[in-house]
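*Asks:* Compact mmCIF, C-alpha atoms, saved as input.txt, coming up:
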```txt
# COMPACT_ATOMS: atom_id res chain seq x y z
CA MET A 1 20.87 230.50 105.85
CA GLU A 2 22.17 233.64 107.50
CA THR A 3 19.92 235.85 105.38
CA LEU A 4 17.03 233.58 106.34
CA ASN A 5 17.90 233.97 110.02
CA ALA A 6 18.19 237.71 109.57
CA PHE A 7 14.78 237.76 107.86
CA PHE A 8 13.04 235.89 110.68
CA SER A 9 14.66 238.00 113.39
CA GLU A 10 13.70 241.30 111.80
CA LEU A 11 11.53 243.42 114.08
CA SER A 12 8.88 243.83 111.42
CA TRP A 13 8.04 242.86 107.87
CA SER A 14 6.33 244.86 105.16
CA PRO A 15 2.55 244.79 105.72
CA TYR A 16 2.26 243.30 102.23
CA VAL A 17 4.56 240.38 103.05
CA VAL A 18 2.50 239.77 106.20
CA GLY A 19 -0.82 240.11 104.37
CA ILE A 20 0.21 237.79 101.54
CA GLY A 21 1.51 235.35 104.16
CA ILE A 22 -1.86 235.37 105.96
CA GLY A 23 -3.62 234.92 102.60
CA ILE A 24 -1.51 231.86 101.79
CA LEU A 25 -2.06 230.55 105.33
CA SER A 26 -5.81 230.75 104.68
CA TRP A 27 -5.42 228.61 101.52
CA LEU A 28 -3.63 225.98 103.58
CA SER A 29 -6.14 226.01 106.43
CA PHE A 30 -9.00 225.47 103.96
CA LEU A 31 -7.07 222.78 102.12
CA ILE A 32 -5.69 220.88 105.12
CA SER A 33 -8.28 221.51 107.84
CA GLY A 34 -11.31 222.66 105.83
CA LYS A 35 -11.59 225.64 108.16
CA PRO A 36 -11.16 229.40 107.97
CA LEU A 37 -8.78 231.29 110.29
CA ALA A 38 -11.01 232.66 113.07
CA THR A 39 -10.63 233.31 116.79
CA SER A 40 -13.60 234.80 118.64
CA THR A 41 -15.73 231.66 119.21
CA THR A 42 -12.83 230.34 121.28
CA PHE A 43 -13.21 233.21 123.75
CA ALA A 44 -16.94 232.46 124.06
CA GLN A 45 -16.15 228.79 124.74
CA MET A 46 -13.57 229.80 127.36
CA GLY A 47 -16.10 232.18 128.93
CA GLY A 48 -18.68 229.38 128.99
CA MET A 49 -16.24 226.90 130.55
CA ILE A 50 -15.38 229.38 133.30
CA GLU A 51 -19.08 230.03 133.88
CA LYS A 52 -19.64 226.25 134.04
CA ALA A 53 -16.83 225.87 136.58
CA ILE A 54 -18.40 228.55 138.77
CA SER A 55 -22.13 227.86 138.37
CA GLY A 56 -22.21 224.15 137.61
CA GLU A 57 -22.89 221.69 134.79
CA GLU A 58 -26.32 223.03 133.81
CA VAL A 59 -24.60 226.08 132.26
CA LYS A 60 -23.81 224.01 129.18
CA ASN A 61 -27.55 223.73 128.49
CA LYS A 62 -27.82 227.46 127.85
CA PRO A 63 -28.99 227.88 124.24
CA TYR A 64 -25.88 229.77 123.18
CA TYR A 65 -23.48 227.21 124.64
CA LYS A 66 -25.46 224.39 123.01
CA LYS A 67 -24.98 226.20 119.72
CA ILE A 68 -21.20 226.75 119.99
CA LYS A 69 -20.45 223.63 122.15
CA LEU A 70 -18.14 224.04 125.14
CA GLU A 71 -15.15 222.09 123.85
CA ILE A 72 -11.45 222.41 123.05
CA ASN A 73 -11.16 222.17 119.27
CA TRP A 74 -9.04 223.13 116.24
CA GLN A 75 -9.80 226.81 116.72
CA SER A 76 -8.99 226.83 120.46
CA MET A 77 -5.55 225.49 119.61
CA LEU A 78 -5.20 228.09 116.86
CA VAL A 79 -5.66 230.83 119.49
CA VAL A 80 -3.09 229.16 121.78
CA GLY A 81 -0.80 228.99 118.74
CA VAL A 82 -1.21 232.73 118.09
CA VAL A 83 0.08 233.47 121.59
CA ILE A 84 3.07 231.16 121.02
CA GLY A 85 3.78 232.41 117.48
CA ALA A 86 3.72 236.07 118.51
CA PHE A 87 5.91 235.22 121.51
CA LEU A 88 8.47 233.44 119.27
CA SER A 89 8.58 236.27 116.76
CA ALA A 90 8.89 238.87 119.55
CA LEU A 91 11.60 236.87 121.29
CA ILE A 92 13.86 236.33 118.27
CA SER A 93 13.51 239.94 117.18
CA GLY A 94 14.27 241.30 120.67
CA ASP A 95 10.78 242.77 121.00
CA PHE A 96 9.42 240.72 123.93
CA GLN A 97 8.56 243.50 126.36
CA MET A 98 6.56 242.65 129.53
CA ARG A 99 4.84 245.99 130.04
CA TRP A 100 1.53 247.26 131.35
CA LEU A 101 1.04 250.42 129.30
CA PRO A 102 1.14 251.03 125.55
CA THR A 103 3.26 254.05 124.55
CA LEU A 104 0.41 255.96 122.93
CA TRP A 105 -1.77 255.30 125.95
CA SER A 106 0.69 256.63 128.54
CA SER A 107 1.62 259.67 126.45
CA THR A 108 -2.07 260.58 126.21
CA PHE A 109 -3.66 259.40 129.45
CA GLY A 110 -0.71 259.18 131.87
CA SER A 111 0.90 256.27 133.62
CA ASP A 112 -1.76 255.04 136.03
CA VAL A 113 -1.91 251.29 135.37
CA MET A 114 -5.30 250.74 137.03
CA THR A 115 -6.99 253.25 134.72
CA ARG A 116 -5.66 251.42 131.67
CA LEU A 117 -6.72 248.03 133.00
CA LEU A 118 -10.27 249.17 133.75
CA VAL A 119 -10.58 250.80 130.33
CA ALA A 120 -9.11 247.69 128.65
CA MET A 121 -11.62 245.56 130.53
CA GLY A 122 -14.52 247.80 129.51
CA GLY A 123 -13.35 247.71 125.91
CA GLY A 124 -12.97 243.94 126.11
CA VAL A 125 -16.60 243.58 127.24
CA PHE A 126 -17.80 245.47 124.15
CA LEU A 127 -15.40 243.50 121.95
CA GLY A 128 -16.45 240.05 123.21
CA PHE A 129 -20.13 240.97 123.25
CA GLY A 130 -20.01 242.58 119.80
CA ALA A 131 -18.02 239.73 118.24
CA ARG A 132 -20.64 237.20 119.35
CA TRP A 133 -23.49 239.49 118.29
CA ALA A 134 -21.97 239.93 114.82
CA GLY A 135 -21.01 236.24 114.62
CA GLY A 136 -17.29 236.86 114.12
CA CYS A 137 -14.35 239.19 114.60
CA THR A 138 -11.59 240.84 112.60
CA SER A 139 -10.20 237.43 111.59
CA GLY A 140 -13.38 235.37 111.08
CA HIS A 141 -15.37 238.11 109.36
CA GLY A 142 -12.67 240.69 108.55
CA ILE A 143 -10.25 238.39 106.74
CA SER A 144 -11.66 234.86 106.28
CA GLY A 145 -15.23 235.94 105.54
CA THR A 146 -14.48 238.88 103.27
CA LEU A 147 -12.02 236.80 101.20
CA GLN A 148 -14.87 234.32 100.58
CA LEU A 149 -17.03 237.29 99.51
CA ALA A 150 -19.60 236.64 102.26
CA VAL A 151 -22.19 239.41 102.51
CA SER A 152 -22.39 239.05 106.32
CA SER A 153 -18.62 239.49 106.60
CA TRP A 154 -18.28 242.55 104.35
CA ILE A 155 -21.05 244.32 106.26
CA SER A 156 -19.55 243.33 109.63
CA ALA A 157 -16.00 244.32 108.66
CA ILE A 158 -17.13 247.75 107.43
CA CYS A 159 -19.07 248.27 110.68
CA PHE A 160 -16.06 247.21 112.79
CA PHE A 161 -14.12 250.08 111.26
CA ILE A 162 -16.98 252.62 111.31
CA GLY A 163 -17.52 251.91 115.03
CA GLY A 164 -13.79 251.83 115.72
CA ILE A 165 -12.91 255.02 113.85
CA LEU A 166 -15.76 257.03 115.43
CA THR A 167 -14.93 255.75 118.92
CA ALA A 168 -11.18 256.35 118.54
CA TRP A 169 -11.91 259.88 117.32
CA LEU A 170 -14.16 260.53 120.34
CA ILE A 171 -11.59 259.14 122.79
CA PHE A 172 -8.55 260.95 121.42
CA ASN A 173 -10.13 264.23 120.29
CA ILE A 174 -12.93 264.84 122.79
CA LEU A 175 -12.03 262.93 125.96
CA ALA A 176 -8.24 263.29 125.89
CA MET B 1 -4.95 194.43 121.50
CA THR B 2 -8.53 193.69 120.47
CA ILE B 3 -10.01 195.23 117.35
CA LYS B 4 -12.25 197.37 119.48
CA GLU B 5 -9.30 198.73 121.48
CA ARG B 6 -7.35 199.40 118.33
CA LEU B 7 -10.29 201.25 116.80
CA THR B 8 -10.65 203.37 119.91
CA LYS B 9 -6.95 204.16 119.81
CA GLU B 10 -7.10 205.18 116.15
CA GLN B 11 -10.15 207.24 116.95
CA VAL B 12 -8.22 209.09 119.64
CA ILE B 13 -5.33 209.77 117.28
CA ARG B 14 -7.65 211.01 114.57
CA ASP B 15 -9.45 213.27 117.03
CA LYS B 16 -6.20 214.74 118.30
CA ARG B 17 -4.77 215.57 114.88
CA PRO B 18 -6.96 218.67 114.32
CA LEU B 19 -5.67 220.04 117.63
CA LEU B 20 -2.09 219.77 116.40
CA THR B 21 -2.78 221.30 112.98
CA GLY B 22 -4.78 224.08 114.66
CA LEU B 23 -1.81 224.80 116.93
CA LEU B 24 0.61 224.94 113.97
CA PHE B 25 -1.66 227.25 111.97
CA GLY B 26 -1.97 229.44 115.07
CA ILE B 27 1.81 229.65 115.53
CA ALA B 28 2.24 230.79 111.91
CA PHE B 29 -0.64 233.25 112.23
CA GLY B 30 0.70 234.71 115.50
CA PHE B 31 4.21 234.98 114.05
CA LEU B 32 2.83 236.95 111.09
CA LEU B 33 0.65 239.17 113.29
CA HIS B 34 3.69 240.14 115.37
CA LYS B 35 5.84 240.74 112.29
CA GLY B 36 3.10 243.00 110.98
CA GLY B 37 3.14 245.06 114.19
CA VAL B 38 -0.57 244.50 114.85
CA THR B 39 0.01 242.96 118.27
CA LYS B 40 0.56 246.56 119.37
CA TYR B 41 -2.08 248.96 120.72
CA ASP B 42 -0.30 251.90 119.06
CA VAL B 43 -0.58 250.35 115.58
CA ILE B 44 -4.27 249.44 115.99
CA LEU B 45 -5.16 252.88 117.32
CA GLY B 46 -3.02 254.44 114.60
CA GLN B 47 -5.30 252.75 112.08
CA LEU B 48 -8.51 253.80 113.81
CA LEU B 49 -7.19 257.39 114.12
CA LEU B 50 -6.27 257.19 110.41
CA THR B 51 -2.60 258.03 111.01
CA ASP B 52 -1.08 254.57 110.31
CA PHE B 53 -2.60 252.30 107.66
CA THR B 54 -0.71 249.10 108.56
CA VAL B 55 -3.84 247.21 109.67
CA LEU B 56 -5.74 247.94 106.47
CA LYS B 57 -2.72 247.13 104.26
CA ILE B 58 -2.33 243.74 105.94
CA MET B 59 -6.04 242.93 105.80
CA LEU B 60 -6.50 243.98 102.18
CA SER B 61 -3.44 242.13 100.92
CA ALA B 62 -4.53 239.03 102.89
CA VAL B 63 -8.01 239.28 101.39
CA VAL B 64 -6.83 239.69 97.80
CA THR B 65 -4.32 236.82 98.11
CA GLY B 66 -6.71 234.58 100.01
CA MET B 67 -9.67 235.27 97.74
CA ILE B 68 -7.90 234.35 94.50
CA GLY B 69 -6.51 231.10 95.91
CA ILE B 70 -9.71 230.09 97.70
CA TYR B 71 -11.88 230.70 94.63
CA ALA B 72 -9.37 228.90 92.39
CA MET B 73 -9.50 225.88 94.72
CA LYS B 74 -13.29 226.14 94.88
CA SER B 75 -13.48 226.18 91.05
CA ALA B 76 -11.24 223.11 90.96
CA GLY B 77 -13.57 221.35 93.43
CA MET B 78 -10.81 221.05 96.05
CA ILE B 79 -12.53 222.93 98.88
CA LYS B 80 -15.93 224.11 100.06
CA LEU B 81 -16.59 227.65 101.26
CA THR B 82 -17.69 228.21 104.87
CA ILE B 83 -19.98 231.22 104.69
CA LYS B 84 -21.31 232.72 107.92
CA LYS B 85 -25.05 233.39 107.98
CA GLY B 86 -26.03 236.93 108.81
CA SER B 87 -28.61 239.66 108.99
CA VAL B 88 -28.77 243.44 109.17
CA GLY B 89 -29.59 243.27 112.89
CA GLN B 90 -26.73 240.91 113.53
CA ASN B 91 -23.89 242.31 111.44
CA ILE B 92 -24.53 246.07 111.61
CA LEU B 93 -25.37 246.29 115.31
CA GLY B 94 -22.83 243.65 116.33
CA GLY B 95 -20.20 245.21 114.07
CA LEU B 96 -20.68 248.67 115.59
CA ILE B 97 -20.57 247.32 119.16
CA PHE B 98 -17.40 245.40 118.26
CA GLY B 99 -15.94 248.61 116.79
CA ILE B 100 -16.42 250.45 120.09
CA GLY B 101 -14.55 247.68 121.90
CA PHE B 102 -11.87 247.59 119.19
CA ALA B 103 -11.05 251.28 119.79
CA VAL B 104 -11.38 251.26 123.60
CA LEU B 105 -9.30 248.11 124.13
CA GLY B 106 -6.94 248.65 121.19
CA TYR B 107 -6.79 244.96 120.28
CA CYS B 108 -9.22 242.60 118.54
CA PRO B 109 -9.61 238.96 119.67
CA GLY B 110 -6.83 237.57 117.43
CA THR B 111 -4.39 240.42 118.04
CA LEU B 112 -5.17 240.26 121.78
CA ALA B 113 -3.79 236.71 121.76
CA GLY B 114 -0.77 238.07 119.86
CA ALA B 115 -0.40 240.96 122.31
CA ILE B 116 -0.33 238.47 125.20
CA GLY B 117 2.52 236.65 123.41
CA ASN B 118 4.28 239.98 122.92
CA GLY B 119 4.25 240.50 126.71
CA TYR B 120 1.53 243.14 127.05
CA PHE B 121 -0.09 242.74 130.45
CA ASP B 122 -3.02 245.06 129.71
CA ALA B 123 -4.09 242.47 127.09
CA LEU B 124 -3.51 239.50 129.41
CA THR B 125 -5.41 240.97 132.39
CA GLY B 126 -8.03 243.64 131.66
CA GLY B 127 -8.47 242.84 127.98
CA LEU B 128 -8.85 239.08 128.34
CA ALA B 129 -11.12 239.37 131.40
CA GLY B 130 -13.28 241.88 129.52
CA ILE B 131 -13.67 239.73 126.40
CA LEU B 132 -14.63 236.68 128.45
CA LEU B 133 -17.14 238.72 130.44
CA GLY B 134 -18.57 240.14 127.22
CA THR B 135 -19.14 236.68 125.75
CA VAL B 136 -20.79 235.47 128.98
CA LEU B 137 -23.12 238.48 128.91
CA PHE B 138 -23.96 237.72 125.29
CA ALA B 139 -24.73 234.06 126.08
CA GLN B 140 -27.06 235.31 128.84
CA LEU B 141 -28.88 237.67 126.46
CA TYR B 142 -28.90 235.29 123.45
CA PRO B 143 -32.27 233.54 124.09
CA LYS B 144 -34.01 236.93 124.18
CA ILE B 145 -32.58 238.20 120.87
CA LYS B 146 -32.04 235.10 118.73
CA ASP B 147 -35.52 235.01 117.18
CA ASN B 148 -36.08 238.71 116.73
CA ILE B 149 -33.29 241.28 116.48
CA LEU B 150 -30.67 238.79 115.26
CA GLN B 151 -33.03 237.69 112.47
CA ARG B 152 -34.02 241.18 111.37
CA GLY B 153 -33.12 241.66 107.69
CA SER B 154 -31.70 238.15 107.37
CA TYR B 155 -29.76 237.23 104.23
CA GLY B 156 -28.49 233.81 105.37
CA ASP B 157 -25.22 232.51 103.97
CA MET B 158 -25.24 234.88 101.01
CA THR B 159 -22.13 235.65 98.97
CA LEU B 160 -21.66 238.55 96.56
CA PRO B 161 -21.64 236.27 93.44
CA LYS B 162 -24.84 234.52 94.62
CA LEU B 163 -26.49 237.85 95.43
CA LEU B 164 -25.79 239.21 91.96
CA LYS B 165 -26.44 235.79 90.35
CA VAL B 166 -23.18 235.76 88.40
CA ASN B 167 -20.17 233.47 88.01
CA ASP B 168 -17.73 233.79 90.96
CA TRP B 169 -14.97 235.22 88.80
CA ILE B 170 -17.15 238.09 87.59
CA ILE B 171 -16.87 239.35 91.18
CA VAL B 172 -13.42 238.02 92.18
CA VAL B 173 -11.52 239.76 89.37
CA PRO B 174 -12.97 243.28 89.83
CA VAL B 175 -12.73 243.05 93.65
CA ALA B 176 -9.08 241.97 93.35
CA LEU B 177 -8.33 244.80 90.92
CA PHE B 178 -10.13 247.33 93.13
CA ILE B 179 -8.16 246.26 96.23
CA VAL B 180 -4.82 246.36 94.38
CA LEU B 181 -5.58 249.82 92.96
CA LEU B 182 -6.66 251.02 96.41
CA LEU B 183 -3.36 249.80 97.89
CA VAL B 184 -1.37 251.44 95.09
CA TRP B 185 -3.28 254.67 95.66
CA MET B 186 -2.64 254.46 99.43
CA GLU B 187 1.10 254.06 98.83
CA ARG B 188 1.20 256.87 96.26
CA SER B 189 -0.57 259.28 98.59
CA GLY B 190 1.85 258.44 101.40
CA LEU B 191 -0.64 256.66 103.68
```
Could you take the file, read its structure, and then write that structure out as structure tokens?

*Replies:*
Amino acid sequence: METLNAFFSELSWSPYVVGIGIGILSWLSFLISGKPLATSTTFAQMGGMIEKAISGEEVKNKPYYKKIKLEINWQSMLVVGVVIGAFLSALISGDFQMRWLPTLWSSTFGSDVMTRLLVAMGGGVFLGFGARWAGGCTSGHGISGTLQLAVSSWISAICFFIGGILTAWLIFNILA
Amino acid sequence: MTIKERLTKEQVIRDKRPLLTGLLFGIAFGFLLHKGGVTKYDVILGQLLLTDFTVLKIMLSAVVTGMIGIYAMKSAGMIKLTIKKGSVGQNILGGLIFGIGFAVLGYCPGTLAGAIGNGYFDALTGGLAGILLGTVLFAQLYPKIKDNILQRGSYGDMTLPKLLKVNDWIIVVPVALFIVLLLVWMERSGL
């Protein structure tokens, strides 16, 4: 029991333990819920619900929102669960931090919080837009789709990393 | 209680159950993401700058584990695959746009949720606002692109075994071996 406690309160696990754990979790989600682990549609539904709250009911008739349906479903709760699960793990391993700036960010770009928030927001726009354009994100395409050997997911996942590696190189070697 | 009322009540319970299982799967997923360190900007950027291969190690070991189990269950008739349809215009362009956001924000949608749980306010404020705005912009643009650019080079819900017209395991076994060898090579070369 004590070793088990020690295991769960470790700050980090081997990436292979984590990866195998996520793989087994995907077996269970197919078996129990008939669904793959995925997250990005939830953000589009949240975005649509906010838009509906601001602009009125007719927003839900937009073709894209008709396609994804503005509802709270299995996947929305999965995303809520991710926040809780990460919080629990961080808390019991003494890693819950409450901070505005990542270490690598402040050591490269300084400690102005507003700059980071604007950049994070700009990046988020590309991320949300690109995830919906590609039809999935690093979980839906990158893990759940590639493990089912979907052509759409392998191509998307490779492009996520090509785009990400080139952009990171530009930001840290040219801009910084 | 009338039969109709009882049916409605059972209906409600049945409809709520997926929400609970979704939540439990999410808690396990978020716990693992934090333990893997990928709720952190530094780890994600480390991967994209090719200095820290944690993200790739997690993804590849999840894929190899998941793939073998999923295809075994598919062969046994226990589950059905859920393959996303796609096209060149959709996956290449969308993937590259996503990649830009991935590097600029330093989180992806799933790890952003994990980063919020980890207490990172840049994820909770700027990052979350940005993602939501990005999806709203996409929904606005969608009617203009859904019948042209998103269909360009369409391959539908194609899988690698279907594409090559072979038995699933002819692909699963070599892909699994390739991933394991790649991981062994990465460890050997100190990545």

*Asks:* Here is a test: counting only C-alpha atoms, which residue of B:Leu19, B:Val184, B:Leu24, B:Met59 is nearest to Val18 in chain A?

*Replies:*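 Among B:Leu19, B:Val184, B:Leu24, B:Met59, it is B:Met59 that comes nearest to Val18 in chain A.
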
*Asks:* Identify which of the residues B:Lys165, B:Lys84, B:Lys74, B:Lys57 lies closest to Gly145 in chain A, counting only C-alpha atoms when measuring atom-to-atom distances.

*Replies:*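 Nearest candidate to Gly145 in chain A out of B:Lys165, B:Lys84, B:Lys74, B:Lys57: B:Lys84.
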
*Asks:* To box range 2-7 of chain A, take all atoms listed in the file, fit an axis-aligned box, add 6 Å on each side, and give centre and edge lengths in Å to one decimal, as AutoDock Vina command-line options.

*Replies:*
```
--center_x 18.5 --center_y 235.7 --center_z 107.7 --size_x 19.4 --size_y 16.2 --size_z 16.6
```

*Asks:* Could you check how far CA of Gln148 in chain A sits from CA of Leu160 in chain B, in Å to one decimal?

*Replies:*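 Answer for the CA of Gln148 in chain A to CA of Leu160 in chain B separation: 9.0 Å.
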
*Asks:* Figure out the distance between CA of Gly127 in chain B and CA of Pro109 in chain B, please, to one decimal in Å.

*Replies:* 9.2 Å

*Asks:* Quick one: of B:Leu23, B:Ala176, B:Leu60, B:Ala139, who's nearest to Val59 in chain A, counting all atoms listed in the file?

*Replies:*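 Of B:Leu23, B:Ala176, B:Leu60, B:Ala139, the one nearest Val59 in chain A, counting all atoms listed in the file, is B:Ala139.
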
*Asks:* Scan for residues within 12 Å of the point (11.0, 239.8, 116.1) in the coordinates of the file, using all atoms listed in the file, and reply as a PDB file with C-alpha atoms, in the coordinates of the input.

*Replies:*
```pdb
ATOM      1  CA  ASN A   5      17.900 233.970 110.020  1.00  0.00           C
ATOM      2  CA  ALA A   6      18.190 237.710 109.570  1.00  0.00           C
ATOM      3  CA  PHE A   7      14.780 237.760 107.860  1.00  0.00           C
ATOM      4  CA  PHE A   8      13.040 235.890 110.680  1.00  0.00           C
ATOM      5  CA  SER A   9      14.660 238.000 113.390  1.00  0.00           C
ATOM      6  CA  GLU A  10      13.700 241.300 111.800  1.00  0.00           C
ATOM      7  CA  LEU A  11      11.530 243.420 114.080  1.00  0.00           C
ATOM      8  CA  SER A  12       8.880 243.830 111.420  1.00  0.00           C
ATOM      9  CA  TRP A  13       8.040 242.860 107.870  1.00  0.00           C
ATOM     10  CA  GLY A  85       3.780 232.410 117.480  1.00  0.00           C
ATOM     11  CA  ALA A  86       3.720 236.070 118.510  1.00  0.00           C
ATOM     12  CA  PHE A  87       5.910 235.220 121.510  1.00  0.00           C
ATOM     13  CA  LEU A  88       8.470 233.440 119.270  1.00  0.00           C
ATOM     14  CA  SER A  89       8.580 236.270 116.760  1.00  0.00           C
ATOM     15  CA  ALA A  90       8.890 238.870 119.550  1.00  0.00           C
ATOM     16  CA  LEU A  91      11.600 236.870 121.290  1.00  0.00           C
ATOM     17  CA  ILE A  92      13.860 236.330 118.270  1.00  0.00           C
ATOM     18  CA  SER A  93      13.510 239.940 117.180  1.00  0.00           C
ATOM     19  CA  GLY A  94      14.270 241.300 120.670  1.00  0.00           C
ATOM     20  CA  ASP A  95      10.780 242.770 121.000  1.00  0.00           C
ATOM     21  CA  PHE A  96       9.420 240.720 123.930  1.00  0.00           C
ATOM     22  CA  GLN A  97       8.560 243.500 126.360  1.00  0.00           C
TER      23      GLN A  97
ATOM     24  CA  GLY B  30       0.700 234.710 115.500  1.00  0.00           C
ATOM     25  CA  PHE B  31       4.210 234.980 114.050  1.00  0.00           C
ATOM     26  CA  LEU B  32       2.830 236.950 111.090  1.00  0.00           C
ATOM     27  CA  LEU B  33       0.650 239.170 113.290  1.00  0.00           C
ATOM     28  CA  HIS B  34       3.690 240.140 115.370  1.00  0.00           C
ATOM     29  CA  LYS B  35       5.840 240.740 112.290  1.00  0.00           C
ATOM     30  CA  GLY B  36       3.100 243.000 110.980  1.00  0.00           C
ATOM     31  CA  GLY B  37       3.140 245.060 114.190  1.00  0.00           C
ATOM     32  CA  THR B  39       0.010 242.960 118.270  1.00  0.00           C
ATOM     33  CA  GLY B 117       2.520 236.650 123.410  1.00  0.00           C
ATOM     34  CA  ASN B 118       4.280 239.980 122.920  1.00  0.00           C
TER      35      ASN B 118
END
```

*Asks:* Just the number, please: distance in Å from CA of Ile84 in chain A to CA of Ser61 in chain B, one decimal.

*Replies:*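 Distance reported for this atom pair: 23.8 Å.
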
*Asks:* Go through A:Asn173, A:Gln45, A:Thr146, A:Ser152 one by one, measure the shortest atom-to-atom distance of each to Val175 in chain B using all atoms listed in the file, and give the residue with the smallest value.

*Replies:*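 Distance minimum relative to Val175 in chain B lands on A:Thr146.
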
*Asks:* Which one is closest to Gly136 in chain A: B:Ile79, B:Ile92, B:Ala72, B:Leu164? Count only C-alpha atoms.

*Replies:*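 Of B:Ile79, B:Ile92, B:Ala72, B:Leu164, the one nearest Gly136 in chain A is B:Ile92, counting only C-alpha atoms.
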
*Asks:* Out of A:Leu37, A:Met46, A:Ile54, A:Val125, which residue has the shortest atom-to-atom distance to chain B when counting all atoms listed in the file?

*Replies:*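 Among the listed residues, A:Val125 lies closest to chain B.
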
*Asks:* Using all atoms listed in the file, give me every residue within 10 Å of (-7.2, 260.1, 123.9) in file coordinates, as a PyMOL selection string.

*Replies:* (chain A and resi 104-109+168-176) or (chain B and resi 45+104)

*Asks:* Tell me, as a ChimeraX atom specification, which residues lie within 12 Å of Lys146 in chain B, counting all atoms listed in the file; anything in the same chain fewer than 6 positions away does not count.

*Replies:* /A:63-64,67,132-135 /B:86-87,89-90,138-140,152,154

*Asks:* Please provide as a PyMOL selection string all residues within 9 Å of Phe25 in chain B, with the sequence filter that same-chain residues fewer than 4 positions apart are discarded (counting all atoms listed in the file).

*Replies:* (chain A and resi 25+28-29+37+77-78+81-82) or (chain B and resi 20-21+29-30)
